[in-house]
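Text of the file coords36.csv, holding CSV, C-alpha atoms:
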chain,number,residue,atom,x,y,z
A,141,MET,CA,-13.8,8.6,7.8
A,142,GLN,CA,-13.1,4.9,8.7
A,143,LEU,CA,-9.5,3.9,9.4
A,144,ARG,CA,-7.9,0.6,10.1
A,145,TYR,CA,-5.6,0.1,13.1
A,146,SER,CA,-3.5,-3.1,13.3
A,147,PHE,CA,-1.8,-4.5,16.4
A,148,ARG,CA,0.4,-7.5,17.0
A,149,LEU,CA,-1.3,-10.5,18.7
A,150,TYR,CA,0.5,-13.2,20.7
A,151,PRO,CA,-1.8,-16.1,21.1
A,152,SER,CA,-1.0,-19.1,23.2
A,153,ALA,CA,-0.6,-22.7,21.8
A,154,GLY,CA,-4.2,-23.5,22.5
A,155,GLN,CA,-5.4,-20.2,21.1
A,156,ARG,CA,-3.3,-20.8,17.9
A,157,SER,CA,-5.1,-24.1,17.5
A,158,ALA,CA,-8.5,-22.5,18.0
A,159,LEU,CA,-7.6,-19.8,15.4
A,160,ALA,CA,-6.4,-22.4,12.9
A,161,LYS,CA,-9.8,-24.2,13.3
A,162,ALA,CA,-11.6,-20.9,12.7
A,163,PHE,CA,-9.5,-20.1,9.6
A,164,GLY,CA,-10.3,-23.6,8.2
A,165,CYS,CA,-14.0,-23.4,8.9
A,166,ALA,CA,-14.2,-19.9,7.2
A,167,ARG,CA,-12.4,-21.3,4.2
A,168,VAL,CA,-14.7,-24.3,3.9
A,169,VAL,CA,-17.8,-22.2,4.2
A,170,PHE,CA,-16.5,-19.8,1.5
A,171,ASN,CA,-15.7,-22.8,-0.8
A,172,ASP,CA,-19.1,-24.5,-0.2
A,173,ALA,CA,-21.0,-21.3,-1.0
A,174,LEU,CA,-19.0,-20.7,-4.1
A,175,ARG,CA,-19.5,-24.3,-5.2
A,176,VAL,CA,-23.3,-23.9,-4.8
A,177,ARG,CA,-23.4,-20.7,-6.9
A,178,GLU,CA,-21.1,-22.2,-9.6
A,179,SER,CA,-23.3,-25.4,-9.8
A,180,ALA,CA,-26.4,-23.2,-10.2
A,181,ARG,CA,-24.7,-21.2,-13.0
A,182,VAL,CA,-23.6,-24.3,-14.9
A,183,ALA,CA,-27.1,-25.8,-14.6
A,184,GLY,CA,-28.6,-22.6,-15.9
A,185,LEU,CA,-30.5,-21.9,-12.6
A,186,PRO,CA,-31.0,-18.4,-11.1
A,187,PHE,CA,-28.3,-16.7,-9.1
A,188,VAL,CA,-28.3,-18.1,-5.5
A,189,THR,CA,-29.0,-15.2,-3.1
A,190,SER,CA,-27.3,-14.6,0.2
A,191,GLY,CA,-30.3,-15.6,2.2
A,192,GLU,CA,-30.4,-19.0,0.5
A,193,LEU,CA,-26.7,-19.5,1.2
A,194,SER,CA,-27.3,-18.7,4.9
A,195,LYS,CA,-30.0,-21.3,5.1
A,196,HIS,CA,-27.8,-23.8,3.3
A,197,LEU,CA,-25.1,-23.1,5.9
A,198,THR,CA,-27.5,-23.7,8.8
A,199,ALA,CA,-28.5,-27.0,7.2
A,200,LEU,CA,-24.9,-28.0,6.7
A,201,LYS,CA,-24.2,-27.7,10.4
A,202,LYS,CA,-26.7,-30.4,11.2
A,203,THR,CA,-25.1,-32.9,8.9
A,204,PRO,CA,-22.4,-35.4,10.1
A,205,GLU,CA,-19.9,-34.2,7.5
A,206,ARG,CA,-20.1,-30.5,8.6
A,207,ALA,CA,-21.1,-30.8,12.2
A,208,TRP,CA,-17.7,-29.4,13.3
A,209,LEU,CA,-18.7,-26.0,11.8
A,210,ALA,CA,-20.6,-25.4,15.1
A,211,GLU,CA,-17.3,-25.4,17.0
A,212,VAL,CA,-16.4,-21.9,15.9
A,213,SER,CA,-18.3,-18.6,16.2
A,214,SER,CA,-21.3,-18.4,13.8
A,215,VAL,CA,-20.4,-14.8,13.1
A,216,VAL,CA,-17.1,-15.9,11.5
A,217,LEU,CA,-19.0,-18.2,9.1
A,218,GLN,CA,-21.5,-15.5,8.2
A,219,GLN,CA,-18.8,-13.0,7.5
A,220,SER,CA,-17.2,-15.6,5.2
A,221,LEU,CA,-20.4,-15.5,3.2
A,222,ARG,CA,-20.3,-11.7,3.2
A,223,ASP,CA,-16.8,-11.9,1.7
A,224,LEU,CA,-18.1,-14.1,-1.1
A,225,ASP,CA,-20.8,-11.5,-1.8
A,226,ALA,CA,-18.2,-8.7,-1.9
A,227,ALA,CA,-16.1,-10.8,-4.3
A,228,TYR,CA,-19.1,-11.3,-6.7
A,229,ARG,CA,-20.1,-7.6,-6.4
A,230,ASN,CA,-16.6,-6.5,-7.3
A,231,PHE,CA,-16.5,-8.9,-10.2
A,232,PHE,CA,-19.8,-7.7,-11.6
A,233,ASP,CA,-18.8,-4.0,-11.2
A,234,SER,CA,-15.7,-4.7,-13.1
A,235,LEU,CA,-17.7,-6.1,-16.0
A,236,LYS,CA,-19.8,-3.0,-16.0
A,237,GLY,CA,-16.7,-0.7,-16.0
A,238,LYS,CA,-17.3,0.7,-12.6
A,239,ARG,CA,-13.9,-0.5,-11.4
A,240,PRO,CA,-10.7,-2.0,-12.9
A,241,ARG,CA,-11.1,-5.4,-14.5
A,242,MET,CA,-10.8,-8.4,-12.1
A,243,GLY,CA,-11.6,-12.1,-12.3
A,244,ALA,CA,-14.4,-14.1,-10.8
A,245,PRO,CA,-14.2,-15.5,-7.3
A,246,ARG,CA,-11.9,-18.5,-6.9
A,247,PHE,CA,-11.8,-21.3,-4.4
A,248,LYS,CA,-9.5,-20.9,-1.4
A,249,SER,CA,-6.7,-23.4,-0.8
A,250,ARG,CA,-5.7,-24.7,2.6
A,251,LYS,CA,-2.1,-24.2,1.5
A,252,ASP,CA,-2.6,-20.4,1.4
A,253,ASN,CA,0.0,-18.6,3.6
A,254,ARG,CA,-2.4,-15.8,4.7
A,255,HIS,CA,-5.6,-16.4,6.6
A,256,THR,CA,-8.1,-14.0,8.0
A,257,ILE,CA,-11.4,-14.1,10.0
A,258,ARG,CA,-13.7,-11.2,11.0
A,259,PHE,CA,-15.8,-10.5,14.1
A,260,THR,CA,-18.5,-7.9,14.1
A,261,ALA,CA,-20.1,-6.2,17.1
A,262,ASN,CA,-22.8,-8.8,17.6
A,263,ALA,CA,-20.2,-11.5,18.0
A,264,GLY,CA,-19.6,-10.5,21.6
A,265,TRP,CA,-15.9,-9.7,21.3
A,266,ARG,CA,-14.4,-7.0,23.5
A,267,ILE,CA,-11.2,-5.6,25.0
A,268,THR,CA,-10.8,-6.6,28.6
A,269,GLY,CA,-9.8,-4.4,31.5
A,270,GLY,CA,-6.3,-6.0,31.4
A,271,GLY,CA,-5.8,-5.0,27.7
A,272,LYS,CA,-6.4,-8.4,26.2
A,273,LEU,CA,-8.7,-9.1,23.2
A,274,ARG,CA,-11.5,-11.5,24.1
A,275,LEU,CA,-12.7,-13.5,21.1
A,276,PRO,CA,-15.6,-15.9,21.2
A,277,LYS,CA,-14.6,-19.6,21.4
A,278,ILE,CA,-10.9,-18.6,21.3
A,279,GLY,CA,-10.2,-16.8,24.6
A,280,ASP,CA,-8.4,-13.7,25.8
A,281,VAL,CA,-5.5,-13.1,23.4
A,282,ARG,CA,-2.5,-10.9,24.5
A,283,VAL,CA,-2.2,-7.7,22.4
A,284,LYS,CA,0.8,-5.5,21.9
A,285,TRP,CA,-0.8,-2.0,22.0
A,286,SER,CA,1.4,0.5,20.3
A,287,ARG,CA,-1.1,3.4,20.5
A,288,CYS,CA,-4.7,4.1,21.7
A,289,LEU,CA,-7.7,3.6,19.5
A,290,PRO,CA,-9.4,7.0,18.6
A,291,SER,CA,-12.9,5.5,19.1
A,292,VAL,CA,-14.7,2.3,19.8
A,293,PRO,CA,-14.1,-0.1,16.9
A,294,SER,CA,-17.0,-1.6,15.0
A,295,THR,CA,-15.2,-4.8,13.7
A,296,VAL,CA,-12.0,-6.7,14.4
A,297,SER,CA,-10.3,-9.0,11.9
A,298,VAL,CA,-7.7,-11.5,13.0
A,299,VAL,CA,-5.0,-12.0,10.4
A,300,LYS,CA,-2.2,-14.6,10.2
A,301,ASP,CA,0.4,-13.6,7.6
A,302,ALA,CA,2.9,-15.8,5.7
A,303,ALA,CA,5.5,-15.2,8.3
A,304,GLY,CA,3.3,-16.8,11.0
A,305,ARG,CA,2.6,-13.5,12.8
A,306,TYR,CA,-0.9,-12.7,14.1
A,307,PHE,CA,-2.5,-9.3,13.9
A,308,ALA,CA,-5.7,-7.8,15.2
A,309,SER,CA,-7.1,-5.2,12.7
A,310,PHE,CA,-9.7,-2.8,14.0
A,311,VAL,CA,-12.0,-0.6,11.9
A,312,VAL,CA,-12.7,2.7,13.7
A,313,GLU,CA,-14.6,5.8,12.9
A,314,THR,CA,-12.4,8.9,13.2
A,315,SER,CA,-13.6,12.2,14.6
A,316,THR,CA,-13.9,15.4,12.6
A,317,ASP,CA,-11.7,17.5,15.0
A,318,GLU,CA,-8.4,16.3,13.5
A,319,THR,CA,-7.9,19.2,11.1
A,320,LEU,CA,-4.5,20.7,11.4
A,321,PRO,CA,-3.9,24.5,11.7
A,322,GLU,CA,-3.6,26.1,8.3
A,323,VAL,CA,-0.1,26.8,7.0
A,324,THR,CA,1.2,28.8,4.0
A,325,PRO,CA,3.4,26.4,2.0
A,326,VAL,CA,2.2,24.3,-0.9
A,327,VAL,CA,4.3,21.7,-2.6
A,328,GLY,CA,4.5,19.7,-5.8
A,329,ILE,CA,6.1,16.2,-5.7
A,330,ASP,CA,8.0,14.4,-8.5
A,331,LEU,CA,8.5,10.8,-7.7
A,332,GLY,CA,11.5,8.9,-9.0
A,333,LEU,CA,13.9,6.0,-8.5
A,334,THR,CA,17.3,7.7,-7.8
A,335,HIS,CA,15.5,10.1,-5.4
A,336,PHE,CA,12.3,8.7,-4.0
A,337,ALA,CA,10.7,12.2,-4.0
A,338,VAL,CA,11.7,15.6,-5.2
A,339,LEU,CA,9.7,18.6,-3.8
A,340,SER,CA,9.1,21.8,-5.6
A,341,ASP,CA,10.9,23.8,-2.9
A,342,GLY,CA,14.2,22.0,-3.8
A,343,ALA,CA,14.2,19.3,-1.2
A,344,LYS,CA,15.3,15.8,-2.3
A,345,ILE,CA,14.5,12.6,-0.4
A,346,ASP,CA,16.8,9.7,-1.2
A,347,SER,CA,15.3,6.4,-2.1
A,348,PRO,CA,15.9,3.9,0.8
A,349,ARG,CA,15.8,0.9,-1.6
A,350,PHE,CA,14.9,-1.5,1.1
A,351,LEU,CA,14.5,-4.5,-1.2
A,352,ARG,CA,17.9,-3.9,-2.9
A,353,ARG,CA,19.7,-3.6,0.4
A,354,ALA,CA,18.1,-6.9,1.6
A,355,GLU,CA,18.7,-8.8,-1.6
A,356,LYS,CA,21.8,-10.7,-0.3
A,357,LYS,CA,19.9,-12.1,2.7
A,358,LEU,CA,16.8,-12.8,0.6
A,359,LYS,CA,18.9,-14.7,-2.0
A,360,LYS,CA,20.5,-16.9,0.6
A,361,ALA,CA,17.1,-17.7,2.3
A,362,GLN,CA,15.5,-18.5,-1.0
A,363,ARG,CA,18.4,-20.7,-2.0
A,364,ASP,CA,18.1,-22.6,1.3
A,365,LEU,CA,14.4,-23.1,0.6
A,366,SER,CA,15.0,-24.5,-2.8
A,367,ARG,CA,17.3,-27.2,-1.4
A,368,LYS,CA,14.7,-28.5,1.0
A,369,GLU,CA,12.6,-31.6,0.2
A,370,LYS,CA,9.1,-30.7,-0.7
A,371,GLY,CA,6.6,-31.6,2.0
A,372,SER,CA,9.2,-31.8,4.7
A,373,LYS,CA,9.1,-29.8,8.0
A,374,ASN,CA,12.5,-28.3,7.2
A,375,ARG,CA,11.0,-26.9,4.0
A,376,ASN,CA,8.2,-25.3,5.9
A,377,LYS,CA,10.7,-23.7,8.3
A,378,ALA,CA,12.7,-22.4,5.4
A,379,ARG,CA,9.6,-21.0,3.8
A,380,VAL,CA,8.8,-19.1,7.1
A,381,ARG,CA,12.3,-17.7,7.1
A,382,VAL,CA,11.9,-16.3,3.6
A,383,ALA,CA,8.5,-14.9,4.5
A,384,ARG,CA,9.9,-13.2,7.6
A,385,ALA,CA,12.7,-11.6,5.5
A,386,HIS,CA,10.2,-10.2,3.1
A,387,ALA,CA,8.0,-9.0,5.9
A,388,ARG,CA,10.9,-7.0,7.4
A,389,VAL,CA,11.4,-5.3,4.1
A,390,ALA,CA,7.7,-4.5,3.7
A,391,ASP,CA,7.5,-3.2,7.3
A,392,ALA,CA,10.5,-0.9,6.8
A,393,ARG,CA,9.1,0.4,3.6
A,394,ARG,CA,5.7,1.1,5.1
A,395,GLU,CA,7.3,2.9,8.1
A,396,PHE,CA,9.2,5.1,5.7
A,397,HIS,CA,6.1,5.9,3.7
A,398,HIS,CA,4.1,6.8,6.9
A,399,GLN,CA,6.8,9.1,8.4
A,400,LEU,CA,7.5,10.9,5.1
A,401,SER,CA,3.8,11.3,4.2
A,402,THR,CA,3.0,12.6,7.7
A,403,LYS,CA,5.8,15.1,7.5
A,404,ILE,CA,4.7,16.4,4.1
A,405,ILE,CA,1.0,16.7,5.1
A,406,ARG,CA,1.9,18.6,8.4
A,407,GLU,CA,4.2,21.1,6.7
A,408,ASN,CA,2.1,21.9,3.6
A,409,GLN,CA,-1.5,23.1,3.1
A,410,ALA,CA,-1.8,21.6,-0.4
A,411,VAL,CA,0.1,18.7,-2.1
A,412,ALA,CA,0.1,18.0,-5.8
A,413,VAL,CA,1.3,14.8,-7.4
A,414,GLU,CA,1.4,13.2,-10.8
A,415,ASP,CA,-0.9,10.2,-11.6
A,416,LEU,CA,1.7,7.6,-12.4
A,417,ALA,CA,1.1,4.6,-14.6
A,418,VAL,CA,2.7,2.2,-12.1
A,419,ARG,CA,1.3,-0.9,-13.7
A,420,GLY,CA,2.9,0.0,-17.0
A,421,LEU,CA,6.3,0.9,-15.4
A,422,ALA,CA,6.2,-2.5,-13.6
A,423,ARG,CA,6.4,-4.2,-16.9
A,424,THR,CA,9.7,-2.6,-17.9
A,425,ARG,CA,13.3,-3.4,-17.1
A,426,MET,CA,13.0,-1.2,-14.0
A,427,ALA,CA,10.2,-3.4,-12.5
A,428,LYS,CA,12.1,-4.4,-9.4
A,429,SER,CA,13.0,-0.8,-8.5
A,430,VAL,CA,9.5,0.4,-9.2
A,431,HIS,CA,8.0,-2.2,-6.8
A,432,ASP,CA,10.7,-1.5,-4.3
A,433,ALA,CA,9.7,2.2,-4.3
A,434,GLY,CA,6.1,1.6,-3.5
A,435,TRP,CA,4.7,4.8,-5.1
A,436,SER,CA,1.1,3.7,-5.1
A,437,ALA,CA,1.1,3.0,-1.3
A,438,PHE,CA,2.8,6.3,-0.6
A,439,LEU,CA,0.3,8.3,-2.7
A,440,ALA,CA,-2.6,6.5,-1.0
A,441,MET,CA,-1.2,7.5,2.4
A,442,LEU,CA,-0.9,11.1,1.3
A,443,GLU,CA,-4.5,11.1,0.0
A,444,TYR,CA,-6.2,9.8,3.1
A,445,LYS,CA,-4.0,11.8,5.5
A,446,ALA,CA,-4.8,15.0,3.6
A,447,ALA,CA,-8.5,14.2,3.8
A,448,ARG,CA,-8.2,13.4,7.5
A,449,HIS,CA,-6.3,16.6,8.5
A,450,GLY,CA,-8.0,19.1,6.3
A,451,ARG,CA,-5.3,19.4,3.6
A,452,THR,CA,-5.7,19.6,-0.2
A,453,PHE,CA,-4.5,16.7,-2.3
A,454,LEU,CA,-4.4,17.1,-6.0
A,455,ARG,CA,-3.5,14.8,-8.9
A,456,ILE,CA,-2.5,15.9,-12.4
A,457,GLY,CA,-2.7,13.8,-15.5
A,458,ARG,CA,0.1,11.4,-16.3
A,459,PHE,CA,0.5,13.0,-19.8
A,460,GLU,CA,1.5,16.4,-18.5
A,461,PRO,CA,4.9,17.3,-20.0
A,462,THR,CA,6.4,18.2,-16.7
A,463,SER,CA,10.0,17.3,-17.7
A,464,GLN,CA,9.7,19.2,-21.1
A,465,VAL,CA,8.5,22.6,-20.0
A,466,CYS,CA,10.6,25.3,-18.4
A,467,SER,CA,9.2,26.3,-15.1
A,468,GLN,CA,10.5,29.8,-15.5
A,469,CYS,CA,9.1,30.9,-18.9
A,470,GLY,CA,6.7,28.0,-19.7
A,471,VAL,CA,8.3,27.2,-23.1
A,472,LYS,CA,8.2,23.5,-24.1
A,473,ASP,CA,11.4,22.3,-25.9
A,474,GLY,CA,10.7,18.6,-26.3
A,475,PRO,CA,11.5,15.4,-24.5
A,476,LYS,CA,15.0,14.6,-23.1
A,477,PRO,CA,16.8,11.3,-22.4
A,478,LEU,CA,16.9,10.1,-18.8
A,479,HIS,CA,20.6,10.7,-18.5
A,480,VAL,CA,20.0,14.5,-18.9
A,481,ARG,CA,19.6,15.7,-15.3
A,482,VAL,CA,20.4,19.4,-15.9
A,483,TRP,CA,19.4,21.3,-18.9
A,484,ALA,CA,19.3,24.9,-20.1
A,485,CYS,CA,16.1,26.5,-21.5
A,486,GLY,CA,16.6,27.6,-25.1
A,487,ALA,CA,14.2,30.5,-24.6
A,488,CYS,CA,15.1,32.2,-21.3
A,489,GLY,CA,18.5,30.6,-20.7
A,490,ALA,CA,17.6,29.3,-17.2
A,491,VAL,CA,19.6,26.3,-16.1
A,492,LEU,CA,17.1,23.8,-14.6
A,493,ASP,CA,17.4,20.7,-12.5
A,494,ARG,CA,15.3,18.1,-14.2
A,495,ASP,CA,13.6,16.7,-11.1
A,496,ILE,CA,13.0,20.0,-9.3
A,497,ASN,CA,11.7,21.6,-12.5
A,498,ALA,CA,9.2,18.7,-12.9
A,499,ALA,CA,8.1,19.1,-9.3
A,500,VAL,CA,7.5,22.8,-9.8
A,501,ASN,CA,5.5,22.0,-13.0
A,502,VAL,CA,3.4,19.5,-11.2
A,503,ALA,CA,2.4,22.1,-8.6
A,504,LYS,CA,1.7,24.6,-11.4
A,505,ALA,CA,-0.4,22.2,-13.4
A,506,ALA,CA,-2.5,21.5,-10.3
A,507,GLY,CA,-3.1,25.3,-9.9
A,508,LEU,CA,-0.8,25.9,-7.0
A,509,ALA,CA,1.2,29.1,-6.8
A,510,VAL,CA,4.8,28.0,-6.3
A,511,SER,CA,8.1,29.3,-7.3
A,512,ALA,CA,11.5,27.6,-7.8
A,513,CYS,CA,13.1,29.5,-5.0
A,514,GLY,CA,15.7,27.4,-3.2
A,515,ALA,CA,16.0,25.1,-6.2
A,516,ARG,CA,18.8,24.8,-8.7
A,517,VAL,CA,17.4,27.3,-11.2
A,518,ARG,CA,19.5,30.2,-12.4
A,519,PRO,CA,19.8,32.4,-15.5
A,520,GLY,CA,22.1,31.2,-18.1
A,521,LEU,CA,24.7,33.2,-20.0
A,522,VAL,CA,23.1,35.6,-22.5
A,523,PRO,CA,25.3,36.4,-25.5
A,524,ALA,CA,26.0,40.1,-26.1
A,525,GLN,CA,24.2,42.0,-28.9
A,526,ARG,CA,26.1,42.8,-32.1
A,527,GLU,CA,26.0,46.6,-31.5
A,528,GLU,CA,27.6,46.2,-28.1
A,529,THR,CA,31.3,46.9,-27.9
A,530,GLY,CA,34.0,46.0,-25.4
A,531,THR,CA,35.5,42.8,-24.1
A,532,HIS,CA,33.3,39.9,-22.9
A,533,PRO,CA,34.1,37.7,-20.0
A,534,LYS,CA,35.0,34.1,-20.6
A,535,PRO,CA,32.1,31.7,-19.8
A,536,GLN,CA,32.5,30.1,-16.5
A,537,PRO,CA,31.9,26.4,-16.0
A,538,GLU,CA,28.6,25.5,-14.5
A,539,THR,CA,28.5,24.6,-10.9
A,540,THR,CA,25.9,22.7,-9.0
A,541,GLY,CA,25.1,23.6,-5.4
A,542,ARG,CA,24.4,21.0,-2.8
A,543,GLN,CA,20.6,20.4,-2.5
A,544,ALA,CA,18.9,20.7,0.8
A,545,GLY,CA,17.0,17.5,1.5
A,546,ILE,CA,14.8,15.8,4.0
A,547,SER,CA,16.6,13.1,5.9
A,548,ALA,CA,15.3,9.6,5.4
A,549,LEU,CA,12.7,9.0,8.1

Starting from the coordinates I provided, produce the structure as structure tokens.
Amino acid sequence: MQLRYSFRLYPSAGQRSALAKAFGCARVVFNDALRVRESARVAGLPFVTSGELSKHLTALKKTPERAWLAEVSSVVLQQSLRDLDAAYRNFFDSLKGKRPRMGAPRFKSRKDNRHTIRFTANAGWRITGGGKLRLPKIGDVRVKWSRCLPSVPSTVSVVKDAAGRYFASFVVETSTDETLPEVTPVVGIDLGLTHFAVLSDGAKIDSPRFLRRAEKKLKKAQRDLSRKEKGSKNRNKARVRVARAHARVADARREFHHQLSTKIIRENQAVAVEDLAVRGLARTRMAKSVHDAGWSAFLAMLEYKAARHGRTFLRIGRFEPTSQVCSQCGVKDGPKPLHVRVWACGACGAVLDRDINAAVNVAKAAGLAVSACGARVRPGLVPAQREETGTHPKPQPETTGRQAGISAL
């Protein structure tokens, strides 16, 4: 399995200038190659191959207009052509139905706030003995190593995000000896907005709502940006402040997803989830909360960590009536409004917590043997039969016990 590890870079002023030149050259090569293919398409000529584009790039370097392309590593320029090939490949695959629909490749703008270049093994980059990253025609860049790489990386990408931060992203091949010891528990997960996740064992994880909590600061930063004159240096500074505020929210959300997904994978042998229609939910009035939760990123982490550590990851169809079926007797009694959080089964009389009941049904639909032990599920009051005599106790009001939960990580 190939994984990507990212580390923060701290280039000097001269190295930032060299990186800016490399970002610009990669963008120009991408746009020139795209223009060649688009011109051939408009003229009715055959599709320009990658080899022809590479020859065209070599010829451009010898012209006075593009002579400055030789000032950066040639591998960076070749990888820019590979990126264009990947963009066309994905576009053609989407037309054939092999992947979700996507548009044709577009020209890159120099005003983009995110830039990236890639170095492969033949570029001559390496990690020095002092822990710095040596990049061709850029120099030794200081790296903040937060952990050790599991193996020798094959490629490294240098990324500059909208907040002006630099990252080194390594692609490494993980070993096969990372399987965790087998455990007995299996779990089903029901994702939501009030609670980020509800587990079939009764645990409830509160939603951190990182974006909602940062809305006040984001609103002020965005208001300051709107008041700056377009094209001014102050406007660019304000734009960076807005980008950094959003980056802090994204980093906190990603850290929460990583810690929670690792905890679930380590404690359970099999994990079952529901295949949510996030794109459809993002078009409703709950769009901001749906994006703030980040369900897709969390499920992607669960999936790759399960494959990496020898766990089982299962998805069930999004049309399974998990909130309509009693997890005790299996009787379906129809849909319920969202404000109904606790309901009593009309067949067996069990009083069910809506979210925990859905999590148990998710696990059962995936073929996992789970029970609702520990959850708020109890038999309801059963009326006495007509032939029975004697007094009957008055029905007691329903009480709800405190749910045991996993603390927000």

Between atom CA of A:Val500 and atom CA of A:Met426 - distance in Å to one decimal
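So the two atoms, atom CA of A:Met426 and atom CA of A:Val500, lie 25.0 Å apart.
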
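Distances to A:Thr334 were evaluated for A:Gly191, A:Ser429, A:Glu322, A:Arg381 using all atoms listed in the file, and the minimum falls at A:Ser429.
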
Residue contacts of A:Thr324 (12 Å, only C-alpha atoms) excluding same-chain residues fewer than 5 positions away, as a tab-separated table (two decimals) with C-alpha atoms, in the coordinates of the input:
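Written out: part.tsv:
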chain	number	residue	atom	x	y	z
A	406	ARG	CA	1.90	18.60	8.40
A	407	GLU	CA	4.20	21.10	6.70
A	408	ASN	CA	2.10	21.90	3.60
A	409	GLN	CA	-1.50	23.10	3.10
A	410	ALA	CA	-1.80	21.60	-0.40
A	411	VAL	CA	0.10	18.70	-2.10
A	451	ARG	CA	-5.30	19.40	3.60
A	508	LEU	CA	-0.80	25.90	-7.00
A	509	ALA	CA	1.20	29.10	-6.80
A	510	VAL	CA	4.80	28.00	-6.30

Enter the distance from atom CA of A:Gly486 to atom CA of A:Val471, in Å, rounded to one decimal.
8.5 Å

Need to verify the contact set: A:Leu221, 12 Å, all atoms listed in the file, exclusion of same-chain residues closer than 2 positions in sequence. Can you return it as a compact mmCIF listing (two decimals) with C-alpha atoms, keeping the file's coordinate frame?
# COMPACT_ATOMS: atom_id res chain seq x y z
CA CYS A 165 -14.00 -23.40 8.90
CA ALA A 166 -14.20 -19.90 7.20
CA ARG A 167 -12.40 -21.30 4.20
CA VAL A 168 -14.70 -24.30 3.90
CA VAL A 169 -17.80 -22.20 4.20
CA PHE A 170 -16.50 -19.80 1.50
CA ASN A 171 -15.70 -22.80 -0.80
CA ASP A 172 -19.10 -24.50 -0.20
CA ALA A 173 -21.00 -21.30 -1.00
CA LEU A 174 -19.00 -20.70 -4.10
CA VAL A 176 -23.30 -23.90 -4.80
CA ARG A 177 -23.40 -20.70 -6.90
CA THR A 189 -29.00 -15.20 -3.10
CA SER A 190 -27.30 -14.60 0.20
CA GLY A 191 -30.30 -15.60 2.20
CA GLU A 192 -30.40 -19.00 0.50
CA LEU A 193 -26.70 -19.50 1.20
CA SER A 194 -27.30 -18.70 4.90
CA LYS A 195 -30.00 -21.30 5.10
CA HIS A 196 -27.80 -23.80 3.30
CA LEU A 197 -25.10 -23.10 5.90
CA SER A 214 -21.30 -18.40 13.80
CA VAL A 215 -20.40 -14.80 13.10
CA VAL A 216 -17.10 -15.90 11.50
CA LEU A 217 -19.00 -18.20 9.10
CA GLN A 218 -21.50 -15.50 8.20
CA GLN A 219 -18.80 -13.00 7.50
CA ASP A 223 -16.80 -11.90 1.70
CA LEU A 224 -18.10 -14.10 -1.10
CA ASP A 225 -20.80 -11.50 -1.80
CA ALA A 226 -18.20 -8.70 -1.90
CA ALA A 227 -16.10 -10.80 -4.30
CA TYR A 228 -19.10 -11.30 -6.70
CA ILE A 257 -11.40 -14.10 10.00
CA ARG A 258 -13.70 -11.20 11.00

Quick one: distance from atom CA of A:His386 to atom CA of A:Val312 in Å, one decimal?
28.3 Å

Can you build me a table of stretch 428-499 of chain A residues sitting at most 9 Å from stretch 338-341 of chain A, with the closest atom pair per residue and its distance in Å to one decimal, using all atoms listed in the file, sorted by chain and residue number, as JSON lines?
{"residue": "A:Asp495", "atom": "CA", "partner": "A:Val338", "partner_atom": "CA", "distance": 6.3}
{"residue": "A:Ile496", "atom": "CA", "partner": "A:Ser340", "partner_atom": "CA", "distance": 5.7}
{"residue": "A:Asn497", "atom": "CA", "partner": "A:Ser340", "partner_atom": "CA", "distance": 7.4}
{"residue": "A:Ala498", "atom": "CA", "partner": "A:Ser340", "partner_atom": "CA", "distance": 7.9}
{"residue": "A:Ala499", "atom": "CA", "partner": "A:Ser340", "partner_atom": "CA", "distance": 4.7}

Contacts of A:Leu442 within 12 Å, only C-alpha atoms, excl. fewer than 3 positions in-chain, as a count of residues only
32

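You can rank A:Arg353, A:Arg419, A:Lys277, A:Lys161 by their closest distance to A:Arg250 using only C-alpha atoms, and at the top of that list sits A:Lys161.
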
Restricting the calculation to only C-alpha atoms, which member of A:Ala183, A:Ala162, A:Asn253, A:Leu492 is positioned closest to A:Leu275?
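Answer, going by the shortest atom-to-atom distance: A:Ala162.
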
Please determine the residues with any atom at most 7 Å from (-4.1, -11.0, 20.7) (coordinates as given in the file, with only C-alpha atoms counting) and report them as a count of residues only.
10

Kindly complete stretch 336-340 of chain A to N, CA, C and O atoms; the output should be written as a compact mmCIF listing (two decimals), in the coordinates of the input.
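Saved file selection-v9.txt follows:
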# COMPACT_ATOMS: atom_id res chain seq x y z
N PHE A 336 13.65 9.19 -4.14
CA PHE A 336 12.30 8.70 -4.00
C PHE A 336 11.29 9.85 -4.29
O PHE A 336 10.28 9.63 -4.98
N ALA A 337 11.56 11.04 -3.81
CA ALA A 337 10.70 12.20 -4.00
C ALA A 337 11.50 13.44 -4.11
O ALA A 337 12.46 13.62 -3.34
N VAL A 338 11.13 14.31 -5.03
CA VAL A 338 11.70 15.60 -5.20
C VAL A 338 10.62 16.65 -5.01
O VAL A 338 9.61 16.58 -5.72
N LEU A 339 10.77 17.59 -4.07
CA LEU A 339 9.70 18.60 -3.80
C LEU A 339 10.01 19.85 -4.57
O LEU A 339 11.15 20.15 -4.95
N SER A 340 8.96 20.60 -4.81
CA SER A 340 9.10 21.80 -5.60
C SER A 340 9.88 22.90 -4.88
O SER A 340 10.29 23.88 -5.51
